[in-house]
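Okay, so here's the structure we're looking at.
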Amino acid sequence: MTHFLLLGVVAAVVLLLVGGSAFLHRMAHTHRGGELGTQGFTIQGFAYALMVLAVLFVLAVAYLFVQGSAWEGHLMEWLNIVVRLMHVTFGIAWIGASFYFVFLENALNRTDNVREELAGNLWAVHGGGFYYLEKYKLAPREIPKALHWFKYEAYFTWLTGFSLLFVVYYFNAGSMLIDPQVLALNPLTGVAIGVGSFALAWILYHGLCRTTLVKNNLAMALLAVVICTGFAWFYCQVFSARAAYIHFGAMLGTLMVGNVYFIIIPAQKAMVKAATEGLPLDPELGKHAGLRSLHNNYFTLPVLFVMVSNHFPSTFSHGYPWAVLAAIALGTAGVKHWLNLREKHQATGLVLPIAAGLLLAVAFVTAPKTDAGATAACTPNVRMAQVQAVVQQRCIRCHSATPTDEVFRTAPNGVVYDTPEDIIRLQDKIMQRVVITKTMPQNNKTHMTQAERDLLRCWIEQGAQNQ
């Protein structure tokens, strides 16, 4: 009876939230105060917020229902899938818009047959059609009602990314966020450090942008490299290396969405309001917003690398993961700088080779070291029974058709070691993740010893036979 009552309450709340969202969404199209072209955020924004609240409420109640059951792991896995897919989708939209508008700014025709009120124009062809775009120096004489605002892509990318951080790392902080070999932290302390670091990064960055230093591009870039390297080092001193990389990307993403929410959109609102009311426009608003947008453009490739970094342990498993992270971030930002210069027809012959050389140097430095005496030190004819004993003790709690781990209720990536044939088939993965990079077991939660890793290496080098 209690369950039916609870389900009734849940259904009522969800219907209220969804109904309120639909009502506000309709009002946004029938009232001038709710049109996107007037203020950029009014009734429709609240409608979206109610939709998000409805989804979060349903997920929270669903988790309470399945907690402690066999469905808990299944729910968390699908939550991971759905939130990750949303994050990638919104991220593509946001970064795509960033790339496009920076390209547009760089490629504008500013001289040939450009009207006095325009900053430039551009002819383009795409998808079988021709397009003609114009940029105004300040604003048109009359603001059109159908004015599109690029902001929800940024907001929902950050919200889904922050949610994914909780799903993957914070809900499982003891297993995914904290590595006792790096620093033994209480899970709540680790979460507080992670979230607090994002706020600190914004305060530092925003404070710098309010100084005259922001007008000196070279000095600002050098200082940004130093500060970002400091954050990379800090994260690697408190979190597992894999979590440190993700937090570095989340920190940059927070700076990006902070630029949109606190600087770019307010400047656009002020410009629209001034143009609508016939007041003088402050050109500095547009210049500063454009500069923050350019900063976001340089952050994009480092953030994209971090988004995929958890699939490549050769980067975060290095002895100095923070240095690898900082070098890759600098190299990818260098590639973006070259692309920006190329769009302005100012590309030099040095920027791209230097950036590519830095990335190639990272690949060389992170390559596995060969130990000439390693094979000679192996015990002859390591038996499958010895290998299987190690796998059963250190790996099988996660990588099995029926895992017993408290976090992974299904085998990660479908990798199972239940039989000797499974182990032989996945010997390359074992060599890469267990022997070379030592990133498995996750944060070494099962306390695999170096002797056990050497035993697996010897068995693989001896042909990985099932004697």
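How things are named: the first chain in the structure tokens is A, the next is B, and so on; residues count from 1 in each chain; ligands count from 1 in the order shown.
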**For Val416 (chain A): contacts at 12 Å, only C-alpha atoms, fewer than 3 positions along chain excluded, given as number ranges by chain** = A: 391-392, 395-403, 410-413, 419-427, 429-430
**Asked** Using only C-alpha atoms, which residues sit within 9 Å of Ala355 (chain A) once same-chain residues fewer than 2 positions away are excluded, as a list in words?
**Response**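 With the cut-off at 9 Å, the set is Leu330, Gly331, Thr332, Ala333, Gly334, Val335, Trp338, Leu350, Val351, Leu352, Pro353, Gly357, Leu358, Leu359 and Leu360 of chain A.
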**Request:** Would you mind listing what lies within 10 Å of Val387 (chain A) as an NGL selection string, with only C-alpha atoms counted and same-chain residues fewer than 4 positions away left out?
**Result:** :A and (382-383 or 391-392 or 420 or 423 or 452-453 or 455-460 or 464 or 466)
I need the chosen residues saved as a short mmCIF file (atom, residue, chain, number, x, y, z; two decimals), in the first residue's frame, with N, CA and C atoms.
data_model
loop_
_atom_site.label_atom_id
_atom_site.label_comp_id
_atom_site.auth_asym_id
_atom_site.auth_seq_id
_atom_site.Cartn_x
_atom_site.Cartn_y
_atom_site.Cartn_z
N VAL A 382 55.61 -20.44 -16.57
CA VAL A 382 54.53 -20.01 -15.68
C VAL A 382 53.24 -20.72 -16.11
N ARG A 383 52.55 -21.31 -15.16
CA ARG A 383 51.39 -22.14 -15.45
C ARG A 383 50.09 -21.32 -15.45
N VAL A 391 44.17 -13.80 -11.17
CA VAL A 391 42.99 -13.17 -11.75
C VAL A 391 41.78 -13.36 -10.84
N GLN A 392 41.63 -14.55 -10.29
CA GLN A 392 40.49 -14.82 -9.40
C GLN A 392 40.54 -13.93 -8.16
N PRO A 420 39.85 -19.76 -18.54
CA PRO A 420 41.19 -19.60 -19.12
C PRO A 420 41.15 -19.05 -20.54
N ILE A 423 40.89 -15.30 -20.47
CA ILE A 423 42.16 -14.67 -20.09
C ILE A 423 43.12 -14.65 -21.27
N GLU A 452 52.79 -10.07 -8.59
CA GLU A 452 51.69 -10.65 -9.35
C GLU A 452 51.63 -10.06 -10.76
N ARG A 453 51.91 -8.78 -10.89
CA ARG A 453 51.96 -8.17 -12.22
C ARG A 453 53.11 -8.78 -13.03
N LEU A 455 54.29 -11.76 -12.70
CA LEU A 455 53.90 -13.11 -13.06
C LEU A 455 53.04 -13.11 -14.34
N LEU A 456 52.09 -12.18 -14.41
CA LEU A 456 51.26 -12.08 -15.60
C LEU A 456 52.08 -11.70 -16.83
N ARG A 457 53.04 -10.77 -16.64
CA ARG A 457 53.90 -10.38 -17.76
C ARG A 457 54.71 -11.57 -18.26
N CYS A 458 55.28 -12.32 -17.35
CA CYS A 458 56.09 -13.47 -17.75
C CYS A 458 55.26 -14.50 -18.51
N TRP A 459 54.05 -14.75 -18.03
CA TRP A 459 53.19 -15.72 -18.69
C TRP A 459 52.86 -15.27 -20.12
N ILE A 460 52.60 -13.97 -20.32
CA ILE A 460 52.29 -13.46 -21.65
C ILE A 460 53.52 -13.53 -22.54
N ALA A 464 51.61 -17.12 -23.43
CA ALA A 464 50.24 -17.17 -22.93
C ALA A 464 49.58 -18.51 -23.22
N ASN A 466 47.87 -22.28 -22.26
CA ASN A 466 47.02 -22.96 -21.30
C ASN A 466 47.54 -24.39 -21.15
#
**Asked** Counting only C-alpha atoms, which of A:Leu291, A:Val324, A:Leu64, A:Met76 gets nearest to Ile264 (chain A)?
**Response**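 Closest to Ile264 (chain A) of all the choices is A:Leu291.
Proximity to Phe103 (chain A) was assessed for A:Val407, A:Leu85, A:Lys269, A:Lys344 counting only C-alpha atoms; the smallest distance is recorded for A:Lys344.
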**Request:** Write out as a PyMOL selection string which residues come within 8 Å of Leu281 (chain A) when counting only C-alpha atoms, dropping same-chain ones fewer than 5 positions away.
**Result:** chain A and resi 138+271+274-275
**Request:** Write down as number ranges by chain the residues of region 101-197 of chain A whose backbone DSSP state falls under alpha helix (DSSP H).
**Result:** A: 101-107, 152-165, 187-197
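Nearest-residue note for Thr437 (chain A): choosing from A:Leu252, A:Ala241, A:Met176, A:Leu223, the minimum distance belongs to A:Ala241, counting only C-alpha atoms.
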**Request:** Compile the contact shell of region 152-166 of chain A as a PyMOL selection string: residues with an atom at most 9 Å away, counting only C-alpha atoms, same-chain residues fewer than 4 positions apart removed.
**Result:** chain A and resi 45+79-80+83-84+86-95+97+170-173+191+246-247+250+253-254+256-257+260-261
